[in-house]
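final10.tsv, holding TSV, C-alpha atoms:
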chain	number	residue	atom	x	y	z
A	1	MET	CA	0.00	0.00	0.00
A	2	ILE	CA	2.61	2.51	1.18
A	3	GLU	CA	5.03	1.31	-1.49
A	4	ASP	CA	2.35	1.78	-4.12
A	5	LEU	CA	1.72	5.36	-2.97
A	6	ILE	CA	5.45	6.13	-2.96
A	7	ALA	CA	5.77	4.68	-6.44
A	8	MET	CA	2.83	6.78	-7.64
A	9	GLU	CA	4.35	9.89	-6.10
A	10	ASP	CA	7.71	9.15	-7.74
A	11	ALA	CA	5.97	8.68	-11.08
A	12	PHE	CA	4.08	11.96	-10.65
A	13	ILE	CA	7.23	13.88	-9.69
A	14	GLY	CA	9.05	12.35	-12.65
A	15	TRP	CA	6.19	13.39	-14.93
A	16	LEU	CA	6.25	16.93	-13.52
A	17	THR	CA	10.02	17.34	-13.89
A	18	ALA	CA	9.90	15.97	-17.43
A	19	LEU	CA	7.51	18.78	-18.38
A	20	GLU	CA	8.96	21.99	-19.71
A	21	PRO	CA	7.71	25.34	-18.35
A	22	VAL	CA	5.98	26.11	-21.63
A	23	LYS	CA	4.10	22.84	-21.38
A	24	ILE	CA	2.96	23.67	-17.84
A	25	ALA	CA	1.82	27.12	-19.05
A	26	ASP	CA	-0.14	25.43	-21.84
A	27	ILE	CA	-1.87	23.17	-19.33
A	28	ALA	CA	-2.72	26.17	-17.13
A	29	THR	CA	-4.08	27.99	-20.20
A	30	VAL	CA	-6.29	25.06	-21.10
A	31	VAL	CA	-7.62	24.77	-17.55
A	32	ALA	CA	-8.39	28.51	-17.45
A	33	LEU	CA	-10.07	28.32	-20.86
A	34	TYR	CA	-12.34	25.46	-19.80
A	35	ALA	CA	-13.17	27.22	-16.52
A	36	GLY	CA	-14.02	30.46	-18.33
A	37	ALA	CA	-16.17	28.72	-20.92
A	38	PHE	CA	-17.99	26.81	-18.18
A	39	PHE	CA	-18.74	29.90	-16.10
A	40	ALA	CA	-19.85	32.02	-19.06
A	41	PHE	CA	-22.21	29.25	-20.12
A	42	VAL	CA	-23.55	28.67	-16.61
A	43	GLY	CA	-24.25	32.39	-16.22
A	44	SER	CA	-26.43	32.47	-19.30
A	45	VAL	CA	-28.18	29.21	-18.40
A	46	GLY	CA	-29.03	30.75	-15.03
A	47	LEU	CA	-30.26	33.90	-16.76
A	48	LEU	CA	-32.64	31.78	-18.82
A	49	LYS	CA	-33.65	29.22	-16.21
A	50	LEU	CA	-34.37	31.08	-12.95
A	51	ASP	CA	-37.89	32.28	-12.37
A	52	THR	CA	-38.00	35.74	-10.76
A	53	PRO	CA	-36.14	38.88	-11.93
A	54	MET	CA	-34.09	39.16	-8.73
A	55	LYS	CA	-32.98	35.53	-9.00
A	56	ARG	CA	-32.12	36.09	-12.64
A	57	LEU	CA	-29.98	39.07	-11.63
A	58	HIS	CA	-27.83	36.81	-9.46
A	59	ALA	CA	-26.69	34.39	-12.16
A	60	PRO	CA	-24.88	36.37	-14.90
A	61	THR	CA	-23.45	39.25	-12.89
A	62	LYS	CA	-21.25	36.89	-10.92
A	63	ALA	CA	-20.68	33.99	-13.28
A	64	SER	CA	-20.01	36.03	-16.41
A	65	THR	CA	-17.36	38.20	-14.80
A	66	LEU	CA	-15.70	35.08	-13.38
A	67	GLY	CA	-15.86	33.53	-16.85
A	68	VAL	CA	-14.35	36.56	-18.58
A	69	GLY	CA	-11.76	36.76	-15.78
A	70	SER	CA	-10.69	33.18	-16.44
A	71	LEU	CA	-10.51	33.76	-20.19
A	72	LEU	CA	-8.37	36.87	-19.64
A	73	LEU	CA	-6.15	34.86	-17.28
A	74	ALA	CA	-5.73	32.24	-20.02
A	75	SER	CA	-4.79	34.98	-22.46
A	76	MET	CA	-2.24	36.43	-20.02
A	77	ILE	CA	-0.63	33.03	-19.32
A	78	GLN	CA	-0.44	32.37	-23.04
A	79	ALA	CA	1.16	35.77	-23.71
A	80	PHE	CA	3.74	35.21	-20.97
A	81	ALA	CA	4.55	31.67	-22.15
A	82	HIS	CA	4.99	32.50	-25.84
A	83	GLY	CA	6.83	35.69	-26.58
A	84	SER	CA	6.53	38.91	-24.64
A	85	GLY	CA	4.16	39.08	-21.73
A	86	SER	CA	1.30	41.53	-21.62
A	87	VAL	CA	-0.70	42.94	-18.74
A	88	HIS	CA	-3.32	44.74	-20.82
A	89	GLU	CA	-5.84	42.16	-19.72
A	90	VAL	CA	-5.59	43.29	-16.11
A	91	LEU	CA	-7.18	46.59	-17.22
A	92	ILE	CA	-10.24	44.84	-18.64
A	93	MET	CA	-10.45	42.52	-15.63
A	94	ALA	CA	-10.22	45.38	-13.11
A	95	PHE	CA	-12.77	47.45	-15.03
A	96	LEU	CA	-15.24	44.57	-15.22
A	97	PHE	CA	-14.79	43.67	-11.56
A	98	VAL	CA	-15.36	47.29	-10.50
A	99	THR	CA	-18.37	47.95	-12.72
A	100	ALA	CA	-20.24	44.63	-12.28
A	101	PRO	CA	-21.63	45.45	-8.80
A	102	ILE	CA	-22.59	48.97	-9.88
A	103	SER	CA	-24.62	47.84	-12.86
A	104	ALA	CA	-26.13	45.03	-10.78
A	105	ASN	CA	-27.18	47.63	-8.21
A	106	PHE	CA	-28.81	49.75	-10.92
A	107	ILE	CA	-30.65	46.78	-12.43
A	108	SER	CA	-31.91	45.71	-9.01
A	109	LYS	CA	-33.14	49.27	-8.42
A	110	VAL	CA	-35.03	49.05	-11.71
A	111	ASN	CA	-36.55	45.73	-10.62
A	112	LEU	CA	-37.53	47.12	-7.21
A	113	HIS	CA	-39.12	50.32	-8.44
A	114	ARG	CA	-40.91	48.54	-11.24
A	115	GLU	CA	-42.50	46.02	-8.94
A	116	ASP	CA	-43.11	46.64	-5.27
A	117	ALA	CA	-41.51	49.92	-4.20
A	118	ASP	CA	-42.89	53.41	-4.59
A	119	PRO	CA	-42.12	55.02	-7.91
A	120	THR	CA	-39.29	57.52	-7.88
A	121	PRO	CA	-40.22	61.21	-7.86
A	122	PRO	CA	-40.40	62.84	-11.26
A	123	PRO	CA	-37.29	64.56	-12.52
A	124	PRO	CA	-37.16	68.36	-12.32
A	125	GLY	CA	-38.43	70.06	-15.41
A	126	ASP	CA	-35.74	71.63	-17.54
A	127	SER	CA	-36.88	74.32	-19.89
A	128	ALA	CA	-33.53	75.26	-21.36
A	129	TRP	CA	-29.93	74.19	-21.52
A	130	ALA	CA	-28.20	73.79	-18.17
A	131	THR	CA	-25.78	76.61	-18.96
A	132	PHE	CA	-28.71	78.99	-19.44
A	133	ASP	CA	-30.38	78.10	-16.10
A	134	THR	CA	-27.75	79.91	-14.04
A	135	HIS	CA	-28.07	81.70	-10.75
A	136	PRO	CA	-28.44	85.51	-11.14
A	137	ALA	CA	-25.17	86.05	-9.26
A	138	ASP	CA	-23.36	84.12	-11.95
A	139	ASP	CA	-25.18	85.99	-14.71
A	140	ARG	CA	-22.64	88.71	-15.43
A	141	THR	CA	-20.40	89.62	-18.26
A	142	PRO	CA	-16.70	89.01	-17.87
A	143	LYS	CA	-14.64	92.03	-16.94
A	144	GLU	CA	-12.69	93.74	-19.63
A	145	VAL	CA	-9.03	92.99	-19.41
B	1	MET	CA	-4.57	20.86	-26.97
B	2	ILE	CA	-5.02	24.63	-26.77
B	3	ASP	CA	-6.75	24.69	-30.15
B	4	ILE	CA	-9.42	22.26	-28.95
B	5	ALA	CA	-9.88	24.23	-25.71
B	6	ILE	CA	-10.29	27.50	-27.63
B	7	LYS	CA	-12.84	25.87	-29.93
B	8	VAL	CA	-14.79	24.49	-26.96
B	9	ALA	CA	-14.71	27.93	-25.32
B	10	PHE	CA	-15.94	29.55	-28.56
B	11	VAL	CA	-18.87	27.13	-28.71
B	12	ALA	CA	-19.75	27.59	-25.02
B	13	VAL	CA	-19.62	31.40	-25.13
B	14	SER	CA	-21.61	31.49	-28.37
B	15	LEU	CA	-24.26	29.27	-26.80
B	16	ALA	CA	-24.29	31.60	-23.79
B	17	GLN	CA	-24.80	34.52	-26.18
B	18	VAL	CA	-27.77	32.75	-27.80
B	19	LEU	CA	-29.32	31.95	-24.40
B	20	ALA	CA	-28.97	35.59	-23.34
B	21	MET	CA	-30.61	36.60	-26.62
B	22	ILE	CA	-33.56	34.30	-25.87
B	23	ARG	CA	-33.95	36.03	-22.50
B	24	LEU	CA	-33.72	39.39	-24.28
B	25	VAL	CA	-36.63	38.47	-26.56
B	26	LYS	CA	-38.70	36.70	-23.89
B	27	GLY	CA	-37.92	38.85	-20.84
B	28	PRO	CA	-41.18	39.75	-19.12
B	29	SER	CA	-39.92	42.87	-17.34
B	30	ILE	CA	-37.65	45.61	-18.56
B	31	GLY	CA	-34.99	44.81	-15.93
B	32	ASP	CA	-34.58	41.37	-17.52
B	33	ARG	CA	-33.97	42.96	-20.89
B	34	ILE	CA	-31.32	45.32	-19.49
B	35	LEU	CA	-29.68	42.40	-17.71
B	36	ALA	CA	-29.72	40.31	-20.88
B	37	LEU	CA	-28.07	43.15	-22.84
B	38	ASP	CA	-25.41	43.50	-20.11
B	39	THR	CA	-24.73	39.76	-20.25
B	40	MET	CA	-24.48	39.91	-24.02
B	41	VAL	CA	-21.86	42.67	-23.77
B	42	VAL	CA	-19.84	40.58	-21.30
B	43	ASN	CA	-20.06	37.56	-23.59
B	44	ALA	CA	-19.00	39.71	-26.55
B	45	ILE	CA	-15.90	40.73	-24.58
B	46	ALA	CA	-15.22	37.03	-23.95
B	47	LEU	CA	-15.56	36.33	-27.69
B	48	ILE	CA	-13.14	39.16	-28.55
B	49	VAL	CA	-10.60	37.84	-26.02
B	50	LEU	CA	-10.95	34.35	-27.49
B	51	LEU	CA	-10.42	35.76	-30.98
B	52	GLY	CA	-7.21	37.42	-29.83
B	53	LEU	CA	-6.09	34.16	-28.21
B	54	TRP	CA	-6.92	32.25	-31.40
B	55	GLY	CA	-4.96	34.61	-33.62
B	56	GLY	CA	-2.09	34.96	-31.16
B	57	THR	CA	-2.27	38.74	-31.42
B	58	GLN	CA	-2.60	41.61	-28.95
B	59	LEU	CA	-4.57	43.78	-31.36
B	60	TYR	CA	-8.02	43.11	-30.00
B	61	PHE	CA	-7.58	44.13	-26.38
B	62	GLU	CA	-8.30	47.77	-26.98
B	63	ALA	CA	-11.54	46.70	-28.65
B	64	ALA	CA	-12.42	44.56	-25.64
B	65	LEU	CA	-11.65	47.43	-23.26
B	66	ILE	CA	-13.84	49.82	-25.26
B	67	PHE	CA	-16.62	47.23	-25.27
B	68	ALA	CA	-16.36	46.95	-21.48
B	69	MET	CA	-16.59	50.72	-20.97
B	70	LEU	CA	-19.40	51.16	-23.50
B	71	GLY	CA	-21.38	48.28	-22.01
B	72	PHE	CA	-21.17	49.68	-18.50
B	73	VAL	CA	-22.14	53.20	-19.57
B	74	SER	CA	-25.05	51.99	-21.69
B	75	THR	CA	-26.36	49.76	-18.90
B	76	VAL	CA	-26.26	52.61	-16.41
B	77	ALA	CA	-27.84	55.03	-18.89
B	78	TYR	CA	-30.64	52.59	-19.71
B	79	CYS	CA	-31.32	51.96	-16.00
B	80	ARG	CA	-31.38	55.65	-15.20
B	81	PHE	CA	-33.70	56.34	-18.11
B	82	VAL	CA	-36.10	53.66	-16.90
B	83	LEU	CA	-35.88	54.84	-13.29
B	84	ARG	CA	-36.02	58.59	-13.74
B	85	GLY	CA	-37.17	59.28	-17.28
B	86	ASP	CA	-34.03	61.33	-17.66
B	87	ILE	CA	-30.37	60.36	-17.87
B	88	ILE	CA	-28.57	63.49	-16.70
B	89	GLU	CA	-30.61	65.64	-14.39

Would it be possible to restate this file's structure as structure tokens?
Amino acid sequence: MIEDLIAMEDAFIGWLTALEPVKIADIATVVALYAGAFFAFVGSVGLLKLDTPMKRLHAPTKASTLGVGSLLLASMIQAFAHGSGSVHEVLIMAFLFVTAPISANFISKVNLHREDADPTPPPPGDSAWATFDTHPADDRTPKEV
Amino acid sequence: MIDIAIKVAFVAVSLAQVLAMIRLVKGPSIGDRILALDTMVVNAIALIVLLGLWGGTQLYFEAALIFAMLGFVSTVAYCRFVLRGDIIE
């Protein structure tokens, strides 16, 4: 039993050391690609399958950003393994991770106010351009220089 | 190995795009439609990233970044228009 485990461990370590770094990066890329594809798909399945709007909000806003994050991670690993590395993808990832909760908050506010909360007050009427609706104190001609 | 994984990811993200489009057509409330459009933008970013990975080029990342910014701004603008009847008050 113990000898079998030690033999398996030796075989695994031999397999790992026989791999080149590029090969390991390729395996990591493939794993990240499958994870990203899985999460993107699961997000849309949840969007279609769940039954109330608030439940539907939960599925894609988490799963899709995780999916895109994994795909961007795959792209970064691939860029670092073959040729020059790039960190452009971190920009997209950071932007998506920052904006996903904000847009989810806005969509949930739409769901709330469309269904069981009081409607929001009407917006103030605007008769003219904002630059024309100035306070009288600001309504002066510039001094001559 | 990577080629097969990229193809599988293309198929999965495209199917996700189609499912989001079904929700966009079906969606009973307007929040569902906004959410479906937001999901479609995210999936489009995933497709652009996969295209860049497939071609082995860095050219498409600016396009993906612009898609991300435009998707966020349009989602917020649509939500504010539905909530307030006005985008910039």

Report as a compact mmCIF listing (two decimals) with C-alpha atoms, keeping the file's coordinate frame all protein, DNA and RNA residues lying within 6 Å of stretch 1-14 of chain B, evaluated on all atoms listed in the file, omitting residues in the same chain fewer than 6 positions from it.
# COMPACT_ATOMS: atom_id res chain seq x y z
CA VAL A 30 -6.29 25.06 -21.10
CA ALA A 37 -16.17 28.72 -20.92
CA PHE A 41 -22.21 29.25 -20.12

Radius query 10 Å about (-31.6, 41.4, -29.0), atoms used: only C-alpha atoms, as a compact mmCIF listing (two decimals) with C-alpha atoms, keeping the file's coordinate frame:
# COMPACT_ATOMS: atom_id res chain seq x y z
CA VAL B 18 -27.77 32.75 -27.80
CA ALA B 20 -28.97 35.59 -23.34
CA MET B 21 -30.61 36.60 -26.62
CA ILE B 22 -33.56 34.30 -25.87
CA ARG B 23 -33.95 36.03 -22.50
CA LEU B 24 -33.72 39.39 -24.28
CA VAL B 25 -36.63 38.47 -26.56
CA LYS B 26 -38.70 36.70 -23.89
CA ARG B 33 -33.97 42.96 -20.89
CA ALA B 36 -29.72 40.31 -20.88
CA LEU B 37 -28.07 43.15 -22.84
CA MET B 40 -24.48 39.91 -24.02

Residues near stretch 86-93 of chain A, cut-off 10 Å, only C-alpha atoms, skip fewer than 2 positions along chain, as number ranges by chain: A: 65-66, 68-80, 83-84, 95-98; B: 45, 49, 58, 61-62, 64-69

Point-to-point distance from atom CA of A:Val45 to atom CA of A:Gly67, Å rounded to tenths: 13.1 Å
